[in-house]
file structure14.txt (compact mmCIF, C-alpha atoms and all ligand atoms)
# COMPACT_ATOMS: atom_id res chain seq x y z
CA MET A 24 0.00 0.00 0.00
CA PRO A 25 1.49 3.41 -0.92
CA SER A 26 1.65 5.71 2.10
CA PRO A 27 -0.79 8.64 2.00
CA TYR A 28 0.26 12.23 1.40
CA VAL A 29 0.32 14.07 4.76
CA ILE A 30 -0.63 17.74 5.19
CA ALA A 31 -0.73 19.76 8.41
CA ILE A 32 -3.38 22.43 8.89
CA ASP A 33 -2.92 24.89 11.72
CA PRO A 34 -6.06 26.70 12.92
CA GLY A 35 -4.55 29.90 14.35
CA HIS A 36 -4.98 30.87 18.03
CA GLY A 37 -7.34 29.00 20.40
CA GLY A 38 -8.38 28.52 23.99
CA SER A 39 -10.83 30.14 26.39
CA PRO A 40 -10.35 31.58 29.88
CA THR A 41 -10.76 29.03 32.68
CA SER A 42 -10.79 29.21 36.48
CA ASP A 43 -7.05 28.48 36.33
CA PRO A 44 -5.33 31.89 35.90
CA THR A 45 -2.08 30.25 34.77
CA GLN A 46 -3.87 28.64 31.82
CA LEU A 47 -3.04 30.62 28.67
CA TRP A 48 -5.66 31.39 26.06
CA ASP A 49 -5.60 33.30 22.79
CA PRO A 50 -8.75 34.31 20.87
CA GLY A 51 -6.81 36.11 18.12
CA VAL A 52 -8.57 39.12 16.61
CA VAL A 53 -11.82 39.92 18.42
CA VAL A 54 -14.56 42.15 17.01
CA GLY A 55 -17.63 42.15 19.25
CA SER A 56 -18.48 38.50 19.83
CA ILE A 57 -16.60 37.35 16.72
CA MET A 58 -13.26 35.69 17.48
CA GLU A 59 -10.55 34.75 15.01
CA LYS A 60 -9.89 31.40 16.79
CA ASP A 61 -13.41 30.17 15.93
CA ILE A 62 -13.19 31.17 12.27
CA THR A 63 -9.76 29.55 11.81
CA LEU A 64 -10.92 26.23 13.31
CA ASP A 65 -14.01 26.21 11.08
CA LEU A 66 -11.89 26.95 7.99
CA ALA A 67 -9.49 24.16 8.96
CA LEU A 68 -12.31 21.62 9.24
CA ARG A 69 -13.68 22.63 5.82
CA LEU A 70 -10.23 22.33 4.27
CA ARG A 71 -9.70 18.96 5.95
CA THR A 72 -12.92 17.65 4.37
CA LEU A 73 -11.72 18.64 0.89
CA LEU A 74 -8.30 17.05 1.42
CA GLN A 75 -9.67 13.83 2.86
CA ARG A 76 -11.73 13.35 -0.31
CA GLU A 77 -8.37 13.29 -2.12
CA ARG A 78 -7.20 10.59 0.34
CA VAL A 79 -4.79 13.03 1.96
CA LYS A 80 -3.93 12.29 5.60
CA VAL A 81 -4.65 15.55 7.44
CA VAL A 82 -3.23 16.49 10.80
CA LEU A 83 -4.72 19.46 12.64
CA THR A 84 -2.47 21.20 15.16
CA ARG A 85 -5.64 21.65 17.22
CA SER A 86 -9.12 20.26 16.59
CA SER A 87 -10.96 22.05 19.39
CA ASP A 88 -10.92 25.35 21.27
CA GLN A 89 -7.52 24.72 22.82
CA TYR A 90 -4.43 26.83 23.52
CA VAL A 91 -1.40 25.36 21.74
CA GLU A 92 2.10 26.87 21.75
CA ILE A 93 3.66 27.70 18.38
CA SER A 94 6.51 25.22 18.92
CA GLU A 95 4.03 22.50 19.89
CA ARG A 96 2.02 23.19 16.71
CA TRP A 97 5.09 22.61 14.62
CA ASN A 98 6.01 19.49 16.62
CA ARG A 99 2.58 17.98 15.94
CA ALA A 100 2.98 18.56 12.20
CA HIS A 101 6.55 17.31 12.12
CA ALA A 102 5.75 14.16 14.16
CA VAL A 103 3.45 12.80 11.44
CA GLY A 104 5.73 13.74 8.57
CA ALA A 105 3.58 16.52 7.11
CA ARG A 106 4.78 17.59 3.67
CA MET A 107 2.94 20.91 3.70
CA PHE A 108 2.06 23.23 6.56
CA VAL A 109 -0.73 25.80 6.27
CA SER A 110 -1.53 28.13 9.15
CA LEU A 111 -4.99 29.72 8.89
CA HIS A 112 -5.73 33.19 10.25
CA VAL A 113 -7.81 36.26 9.49
CA ASN A 114 -6.23 39.68 9.28
CA ALA A 115 -6.78 42.83 11.36
CA TYR A 116 -5.74 46.45 11.13
CA ASP A 117 -6.32 48.60 14.17
CA GLY A 118 -7.45 52.11 13.51
CA ASP A 119 -8.34 51.79 9.83
CA SER A 120 -11.35 49.65 8.99
CA THR A 121 -10.98 50.31 5.27
CA ILE A 122 -7.85 48.14 5.05
CA ASN A 123 -8.83 44.93 3.25
CA GLY A 124 -7.67 42.10 1.04
CA LEU A 125 -6.02 38.70 0.88
CA ALA A 126 -2.39 38.18 1.94
CA ILE A 127 -0.12 35.14 2.15
CA PHE A 128 3.03 35.07 4.30
CA TYR A 129 5.88 32.61 4.01
CA PRO A 130 8.77 32.13 6.43
CA LYS A 131 11.71 31.28 4.14
CA PRO A 132 12.58 31.62 0.45
CA ASP A 133 12.08 27.90 -0.15
CA SER A 134 8.37 28.35 0.58
CA PHE A 135 8.01 31.17 -1.97
CA SER A 136 6.57 29.08 -4.83
CA PHE A 137 4.20 27.31 -2.40
CA ALA A 138 3.00 30.73 -1.19
CA GLN A 139 2.43 31.81 -4.79
CA ALA A 140 0.39 28.68 -5.52
CA ILE A 141 -1.81 29.18 -2.42
CA ASP A 142 -2.24 32.87 -3.29
CA ALA A 143 -3.24 32.03 -6.86
CA GLY A 144 -5.79 29.46 -5.64
CA LEU A 145 -7.36 31.92 -3.19
CA ALA A 146 -7.33 34.85 -5.64
CA GLN A 147 -9.28 32.62 -8.03
CA THR A 148 -11.98 31.43 -5.58
CA LEU A 149 -12.34 34.80 -3.77
CA LYS A 150 -12.64 36.83 -6.98
CA ARG A 151 -16.43 36.64 -7.03
CA PHE A 152 -16.44 38.17 -3.52
CA GLN A 153 -14.31 41.06 -4.82
CA ILE A 154 -11.44 40.34 -2.45
CA ALA A 155 -8.32 42.30 -3.43
CA ASP A 156 -5.21 40.15 -3.76
CA ASP A 157 -2.26 41.70 -1.92
CA GLY A 158 -0.03 38.79 -2.96
CA VAL A 159 2.71 37.08 -0.99
CA ALA A 160 5.26 38.51 1.45
CA ILE A 161 8.11 37.00 3.45
CA LYS A 162 7.85 37.06 7.26
CA PRO A 163 10.96 35.33 8.57
CA GLU A 164 9.77 35.39 12.21
CA LEU A 165 6.97 32.91 11.41
CA TRP A 166 7.49 29.14 11.56
CA VAL A 167 11.25 29.40 11.88
CA ARG A 168 11.71 25.62 12.34
CA THR A 169 9.83 24.51 9.26
CA ASP A 170 11.53 22.36 6.64
CA VAL A 171 8.50 21.81 4.36
CA PRO A 172 6.49 24.28 2.20
CA THR A 173 4.81 26.54 4.75
CA VAL A 174 2.45 29.52 4.58
CA THR A 175 0.31 31.66 6.82
CA VAL A 176 -3.00 32.47 5.13
CA GLU A 177 -4.82 35.75 5.84
CA PRO A 178 -7.80 35.58 3.47
CA ALA A 179 -9.60 38.76 4.63
CA TYR A 180 -9.79 41.39 7.39
CA LEU A 181 -12.03 40.89 10.39
CA THR A 182 -11.65 44.63 11.07
CA ASN A 183 -13.11 45.52 7.66
CA PRO A 184 -16.94 45.57 7.90
CA ARG A 185 -17.60 44.17 4.43
CA GLU A 186 -15.04 41.38 4.77
CA ARG A 187 -16.23 40.65 8.33
CA GLY A 188 -19.73 40.12 6.92
CA LEU A 189 -18.30 37.74 4.33
CA LEU A 190 -16.26 35.86 6.94
CA LEU A 191 -19.50 35.01 8.74
CA GLN A 192 -20.96 33.44 5.57
CA ASP A 193 -20.74 29.73 4.78
CA ASP A 194 -20.15 30.22 1.05
CA PHE A 195 -17.23 32.58 1.69
CA ARG A 196 -15.65 30.14 4.14
CA ASP A 197 -16.10 27.33 1.61
CA ALA A 198 -14.44 29.50 -1.02
CA ILE A 199 -11.45 30.09 1.27
CA ALA A 200 -11.06 26.36 1.94
CA MET A 201 -11.41 25.63 -1.79
CA GLY A 202 -8.82 28.26 -2.72
CA VAL A 203 -6.22 26.86 -0.32
CA PHE A 204 -7.07 23.33 -1.47
CA GLN A 205 -6.61 24.15 -5.15
CA GLY A 206 -3.36 25.95 -4.36
CA MET A 207 -2.09 22.81 -2.62
CA LEU A 208 -3.01 20.58 -5.57
CA ALA A 209 -1.25 22.98 -7.93
CA ALA A 210 1.83 23.18 -5.69
CA ASP A 211 2.48 19.43 -5.65
CA PRO A 212 1.12 17.01 -8.29
CA GLU A 213 2.13 14.18 -5.96
CA ILE A 214 -1.09 14.74 -3.97
CA GLU A 215 -3.15 13.60 -6.96
CA GLU A 216 -0.64 10.93 -7.98
CA THR A 217 -0.78 9.41 -4.50
CA LYS A 218 -4.58 9.44 -4.66
CA VAL A 219 -4.51 7.54 -7.98
CA GLN A 220 -1.96 5.04 -6.64
CA LEU A 221 -4.04 4.46 -3.50
CA ALA A 222 -7.16 3.97 -5.63
CA HIS A 223 -5.37 1.47 -7.91
CA THR A 224 -3.93 -0.48 -4.99
CA GLU A 225 -7.31 -0.59 -3.30
CA ALA A 226 -9.02 -1.68 -6.52
CA ALA A 227 -6.46 -4.46 -6.98
CA ALA A 228 -6.92 -5.58 -3.37
CA THR A 229 -10.71 -5.58 -3.84
CA ALA A 230 -10.43 -7.61 -7.05
CA GLN A 231 -8.17 -10.10 -5.25
CA ARG A 232 -10.59 -10.36 -2.35
CA LEU A 233 -13.55 -10.92 -4.72
CA ALA A 234 -11.60 -13.60 -6.61
CA ALA A 235 -10.74 -15.33 -3.34
CA GLU A 236 -14.38 -15.13 -2.24
CA SER A 237 -15.62 -16.57 -5.52
CA ALA A 238 -13.03 -19.37 -5.36
CA SER A 239 -14.15 -20.25 -1.85
CA ALA A 240 -17.80 -20.14 -3.01
CA ASP A 241 -16.84 -22.55 -5.82
CA ALA A 242 -15.13 -24.80 -3.32
CA ALA A 243 -18.24 -24.75 -1.14
CA ARG A 244 -20.40 -25.62 -4.16
CA THR A 245 -18.05 -28.47 -5.06
CA ALA A 246 -18.20 -29.77 -1.48
CA THR A 247 -22.02 -29.67 -1.55
CA ALA A 248 -22.07 -31.48 -4.89
CA THR A 249 -19.68 -34.10 -3.52
CA ARG A 250 -21.88 -34.62 -0.48
CA TRP A 251 -24.99 -35.09 -2.62
CA GLY A 252 -23.05 -37.41 -4.92
CA LEU A 253 -22.07 -39.56 -1.96
CA ILE A 254 -25.63 -39.62 -0.64
CA ILE A 255 -27.15 -40.55 -4.03
CA GLY A 256 -24.37 -43.06 -4.71
CA GLY A 257 -24.90 -44.60 -1.29
CA LEU A 258 -28.65 -44.89 -1.91
CA ALA A 259 -28.00 -46.47 -5.33
CA VAL A 260 -25.64 -49.05 -3.82
CA LEU A 261 -28.16 -49.78 -1.07
CA PHE A 262 -30.90 -50.24 -3.68
CA VAL A 263 -28.78 -52.64 -5.76
CA VAL A 264 -27.76 -54.64 -2.72
CA MET A 265 -31.31 -54.85 -1.42
CA ARG A 266 -32.68 -55.84 -4.83
CA ALA A 267 -30.04 -58.58 -5.09
CA ALA A 268 -30.92 -59.75 -1.60
CA ILE A 269 -34.61 -59.84 -2.47
CA ARG A 270 -33.90 -61.78 -5.64
CA ARG A 271 -31.73 -64.26 -3.81
CA GLN A 272 -34.45 -64.62 -1.29
CA SER A 273 -36.98 -65.38 -4.05
CA ARG A 274 -34.75 -68.09 -5.55
CA LEU A 275 -34.65 -70.13 -2.37
CA PRO A 276 -36.48 -73.45 -2.72
CA GLN A 277 -40.01 -72.93 -1.89
CA PRO A 278 -41.78 -75.39 0.29
CA PRO A 279 -44.20 -77.40 -1.79
CA ALA A 280 -47.46 -75.83 -2.08
CA TYR A 281 -49.75 -77.04 0.51
CA ARG A 282 -52.03 -79.58 -1.06
CA ARG A 283 -55.36 -79.39 0.21
CA ARG A 284 -56.41 -82.76 1.24
CA THR A 285 -59.84 -83.73 0.48
CA TYR A 286 -61.45 -85.86 2.96
CA ARG A 287 -64.00 -88.21 1.92
CA ARG A 288 -66.66 -87.96 4.25
CA ARG A 289 -66.89 -91.11 5.94
CA ARG A 290 -70.13 -92.27 6.54
CA SER A 291 -70.46 -93.01 9.98
CA VAL A 292 -72.33 -96.17 9.89
CA SER A 293 -73.30 -97.94 12.86
CA ARG A 294 -73.54 -101.41 11.99
CA ARG A 295 -75.75 -103.29 14.01
CA TYR A 296 -75.67 -106.85 13.82
ZN ZN B 301 -4.07 35.37 13.66
call {"tool": "encode", "arguments": {"input": "structure14.txt", "output": "structure tokens"}}
result
Amino acid sequence: MPSPYVIAIDPGHGGSPTSDPTQLWDPGVVVGSIMEKDITLDLALRLRTLLQRERVKVVLTRSSDQYVEISERWNRAHAVGARMFVSLHVNAYDGDSTINGLAIFYPKPDSFSFAQAIDAGLAQTLKRFQIADDGVAIKPELWVRTDVPTVTVEPAYLTNPRERGLLLQDDFRDAIAMGVFQGMLAADPEIEETKVQLAHTEAAATAQRLAAESASADAARTATATRWGLIIGGLAVLFVVMRAAIRRQSRLPQPPAYRRRTYRRRRSVSRRY
């Protein structure tokens, strides 16, 4: 079995305040009751669904409202051998709510072409929402330990009223997930190749299993036929033997037929002299 392609998705921020004051928590950008941490987790789950349909093994650095350190996020991705790392966020600009648009950040030059692919995918799917594409930019302080193609995705601004409205919509969130997904497929054809290989291997295994099942069904049929053959053969032998026995019996000398004796009636005469 070929091993699946592994991708790490990092829903930015996470965690809620608890009774324990030492417990860290990080909602990300907050506007009213809207928190970045909730949007990023939802986007991650939508993206995971798309990738799993392509038989990609997806690891989430968090799958619930949980505080996770940056280094721990990377460790979780690295531990499963992720070949891409995508950190999902939404942007904010304090003091100017008109600032808007899509931006992709990458930590090192070797992630540049991956960033371009993700940006192109998102620019394509967000076009119908009139999201301006600000392109890619290097941010060396992000994901310093990464050794696989890595980006931080900022699809829109939570501080911009129009984009905030979009970020609350299902179809816009689906479009973000789809844009990142298509960027990933474009960045590495091996995702699709692995899917095809997995499908072929599974089809071959299924064909083998069906052949084995049909062979064992044949064997069962043969066994049943053999059993019936033995039963019918046994009955035939029994019949022949019994018929022979009956015939032998009928050839035995028969006692002479009982001859009915006729008795002459004697006259009982009393002779009197
Ligand atoms: Zn963020």
call {"tool": "residues_around", "arguments": {"input": "structure14.txt", "residues": "Ala67 of chain A", "least_positions_apart": "3", "cutoff": "9 Å", "atoms": "only C-alpha atoms", "output": "list in words"}}
result
Ile32, Asp33, Pro34, Ile62, Thr63, Leu64, Leu70, Arg71, Thr72, Leu83, Ser86, Ser110, Leu111 and Ala200 of chain A
call {"tool": "write_last_selection", "arguments": {"input": "structure14.txt", "atoms": "C-alpha atoms", "output": "short mmCIF file (atom, residue, chain, number, x, y, z; two decimals), in the coordinates of the input"}}
result
data_model
loop_
_atom_site.label_atom_id
_atom_site.label_comp_id
_atom_site.auth_asym_id
_atom_site.auth_seq_id
_atom_site.Cartn_x
_atom_site.Cartn_y
_atom_site.Cartn_z
CA ILE A 32 -3.38 22.43 8.89
CA ASP A 33 -2.92 24.89 11.72
CA PRO A 34 -6.06 26.70 12.92
CA ILE A 62 -13.19 31.17 12.27
CA THR A 63 -9.76 29.55 11.81
CA LEU A 64 -10.92 26.23 13.31
CA LEU A 70 -10.23 22.33 4.27
CA ARG A 71 -9.70 18.96 5.95
CA THR A 72 -12.92 17.65 4.37
CA LEU A 83 -4.72 19.46 12.64
CA SER A 86 -9.12 20.26 16.59
CA SER A 110 -1.53 28.13 9.15
CA LEU A 111 -4.99 29.72 8.89
CA ALA A 200 -11.06 26.36 1.94
#
call {"tool": "residues_near_ligand", "arguments": {"input": "structure14.txt", "ligand": "ligand ZN 301 (chain B)", "cutoff": "9 Å", "atoms": "only C-alpha atoms and all ligand atoms", "output": "JSON, numbers by chain"}}
result
{"A": [34, 35, 36, 50, 51, 52, 59, 60, 63, 110, 111, 112, 113, 114, 115, 175, 177]}
call {"tool": "closest_residue", "arguments": {"input": "structure14.txt", "among": "A:Val81, A:Ala209, A:Ile122, A:Ile127", "to": "Ala140 of chain A", "atoms": "all atoms listed in the file"}}
result
A:Ala209
call {"tool": "atom_distance", "arguments": {"input": "structure14.txt", "atom1": "atom CA of Pro40 of chain A", "atom2": "atom CA of Glu186 of chain A"}}
result
27.4 Å
call {"tool": "closest_residue", "arguments": {"input": "structure14.txt", "among": "A:Pro27, A:Gly104, A:Gly118, A:Gly124", "to": "Lys80 of chain A", "atoms": "all atoms listed in the file"}}
result
A:Pro27
call {"tool": "closest_residue", "arguments": {"input": "structure14.txt", "among": "A:Leu125, A:Leu74, A:Ile57, A:Ala138", "to": "Gln153 of chain A", "atoms": "all atoms listed in the file"}}
result
A:Leu125
call {"tool": "closest_residue", "arguments": {"input": "structure14.txt", "among": "A:Ala222, A:Ile254, A:Leu261, A:Ile154", "to": "Leu190 of chain A", "atoms": "only C-alpha atoms"}}
result
A:Ile154
call {"tool": "residues_around", "arguments": {"input": "structure14.txt", "residues": "Val103 of chain A", "least_positions_apart": "2", "cutoff": "9 Å", "atoms": "only C-alpha atoms", "output": "list in words"}}
result
Val29, Ile30, Ala31, Val82, Asn98, Arg99, Ala100, His101 and Ala105 of chain A
call {"tool": "closest_residue", "arguments": {"input": "structure14.txt", "among": "A:Val264, A:Leu73, A:Met24, A:Ile255", "to": "Ile199 of chain A", "atoms": "only C-alpha atoms"}}
result
A:Leu73
call {"tool": "decode", "arguments": {"input": "structure14.txt", "residues": "segment 201-213 of chain A", "atoms": "all heavy atoms", "output": "JSON list (two decimals), in the first residue's frame"}}
result
[["chain", "number", "residue", "atom", "x", "y", "z"],
["A", 201, "MET", "N", -11.62, 26.11, -0.42],
["A", 201, "MET", "CA", -11.41, 25.63, -1.79],
["A", 201, "MET", "C", -10.18, 26.28, -2.42],
["A", 201, "MET", "O", -9.42, 25.61, -3.13],
["A", 201, "MET", "CB", -12.67, 25.91, -2.62],
["A", 201, "MET", "CG", -12.62, 25.40, -4.04],
["A", 201, "MET", "SD", -12.26, 23.61, -4.17],
["A", 201, "MET", "CE", -13.86, 22.93, -3.76],
["A", 202, "GLY", "N", -9.98, 27.57, -2.16],
["A", 202, "GLY", "CA", -8.82, 28.26, -2.72],
["A", 202, "GLY", "C", -7.51, 27.70, -2.20],
["A", 202, "GLY", "O", -6.58, 27.44, -2.98],
["A", 203, "VAL", "N", -7.44, 27.45, -0.90],
["A", 203, "VAL", "CA", -6.22, 26.86, -0.32],
["A", 203, "VAL", "C", -6.02, 25.45, -0.88],
["A", 203, "VAL", "O", -4.90, 25.06, -1.27],
["A", 203, "VAL", "CB", -6.31, 26.82, 1.23],
["A", 203, "VAL", "CG1", -5.10, 26.11, 1.81],
["A", 203, "VAL", "CG2", -6.44, 28.23, 1.80],
["A", 204, "PHE", "N", -7.11, 24.71, -0.95],
["A", 204, "PHE", "CA", -7.07, 23.33, -1.47],
["A", 204, "PHE", "C", -6.52, 23.30, -2.90],
["A", 204, "PHE", "O", -5.61, 22.52, -3.22],
["A", 204, "PHE", "CB", -8.50, 22.77, -1.41],
["A", 204, "PHE", "CG", -8.68, 21.45, -2.09],
["A", 204, "PHE", "CD1", -8.11, 20.29, -1.59],
["A", 204, "PHE", "CD2", -9.48, 21.35, -3.23],
["A", 204, "PHE", "CE1", -8.31, 19.08, -2.22],
["A", 204, "PHE", "CE2", -9.69, 20.14, -3.85],
["A", 204, "PHE", "CZ", -9.11, 19.00, -3.35],
["A", 205, "GLN", "N", -7.06, 24.15, -3.76],
["A", 205, "GLN", "CA", -6.61, 24.15, -5.15],
["A", 205, "GLN", "C", -5.15, 24.61, -5.26],
["A", 205, "GLN", "O", -4.41, 24.10, -6.10],
["A", 205, "GLN", "CB", -7.54, 25.02, -6.00],
["A", 205, "GLN", "CG", -8.85, 24.28, -6.25],
["A", 205, "GLN", "CD", -9.88, 25.11, -6.99],
["A", 205, "GLN", "OE1", -9.67, 26.28, -7.27],
["A", 205, "GLN", "NE2", -11.00, 24.48, -7.30],
["A", 206, "GLY", "N", -4.77, 25.54, -4.39],
["A", 206, "GLY", "CA", -3.36, 25.95, -4.36],
["A", 206, "GLY", "C", -2.45, 24.80, -3.99],
["A", 206, "GLY", "O", -1.38, 24.61, -4.58],
["A", 207, "MET", "N", -2.89, 23.98, -3.03],
["A", 207, "MET", "CA", -2.09, 22.81, -2.62],
["A", 207, "MET", "C", -1.95, 21.82, -3.77],
["A", 207, "MET", "O", -0.85, 21.30, -4.02],
["A", 207, "MET", "CB", -2.77, 22.11, -1.43],
["A", 207, "MET", "CG", -2.66, 22.85, -0.11],
["A", 207, "MET", "SD", -3.75, 22.08, 1.12],
["A", 207, "MET", "CE", -3.06, 22.78, 2.62],
["A", 208, "LEU", "N", -3.06, 21.53, -4.45],
["A", 208, "LEU", "CA", -3.01, 20.58, -5.57],
["A", 208, "LEU", "C", -2.07, 21.09, -6.66],
["A", 208, "LEU", "O", -1.30, 20.31, -7.24],
["A", 208, "LEU", "CB", -4.40, 20.37, -6.17],
["A", 208, "LEU", "CG", -5.45, 19.70, -5.28],
["A", 208, "LEU", "CD1", -6.72, 19.44, -6.08],
["A", 208, "LEU", "CD2", -4.95, 18.41, -4.67],
["A", 209, "ALA", "N", -2.11, 22.41, -6.90],
["A", 209, "ALA", "CA", -1.25, 22.98, -7.93],
["A", 209, "ALA", "C", 0.22, 22.96, -7.49],
["A", 209, "ALA", "O", 1.12, 22.80, -8.32],
["A", 209, "ALA", "CB", -1.68, 24.41, -8.23],
["A", 210, "ALA", "N", 0.45, 23.10, -6.19],
["A", 210, "ALA", "CA", 1.83, 23.18, -5.69],
["A", 210, "ALA", "C", 2.55, 21.84, -5.77],
["A", 210, "ALA", "O", 3.76, 21.81, -5.96],
["A", 210, "ALA", "CB", 1.82, 23.68, -4.23],
["A", 211, "ASP", "N", 1.81, 20.73, -5.60],
["A", 211, "ASP", "CA", 2.48, 19.43, -5.65],
["A", 211, "ASP", "C", 1.60, 18.38, -6.31],
["A", 211, "ASP", "O", 0.64, 17.89, -5.71],
["A", 211, "ASP", "CB", 2.87, 18.96, -4.23],
["A", 211, "ASP", "CG", 3.81, 17.76, -4.28],
["A", 211, "ASP", "OD1", 4.05, 17.24, -5.40],
["A", 211, "ASP", "OD2", 4.31, 17.36, -3.22],
["A", 212, "PRO", "N", 1.93, 18.02, -7.57],
["A", 212, "PRO", "CA", 1.12, 17.01, -8.29],
["A", 212, "PRO", "C", 1.13, 15.65, -7.60],
["A", 212, "PRO", "O", 0.30, 14.80, -7.90],
["A", 212, "PRO", "CB", 1.78, 16.93, -9.67],
["A", 212, "PRO", "CG", 3.04, 17.71, -9.60],
["A", 212, "PRO", "CD", 3.03, 18.54, -8.35],
["A", 213, "GLU", "N", 2.06, 15.47, -6.65],
["A", 213, "GLU", "CA", 2.13, 14.18, -5.96],
["A", 213, "GLU", "C", 0.88, 13.89, -5.12],
["A", 213, "GLU", "O", 0.58, 12.73, -4.83],
["A", 213, "GLU", "CB", 3.38, 14.11, -5.08],
["A", 213, "GLU", "CG", 4.14, 12.81, -5.25],
["A", 213, "GLU", "CD", 5.37, 12.73, -4.39],
["A", 213, "GLU", "OE1", 6.38, 13.37, -4.73],
["A", 213, "GLU", "OE2", 5.31, 12.06, -3.35]]
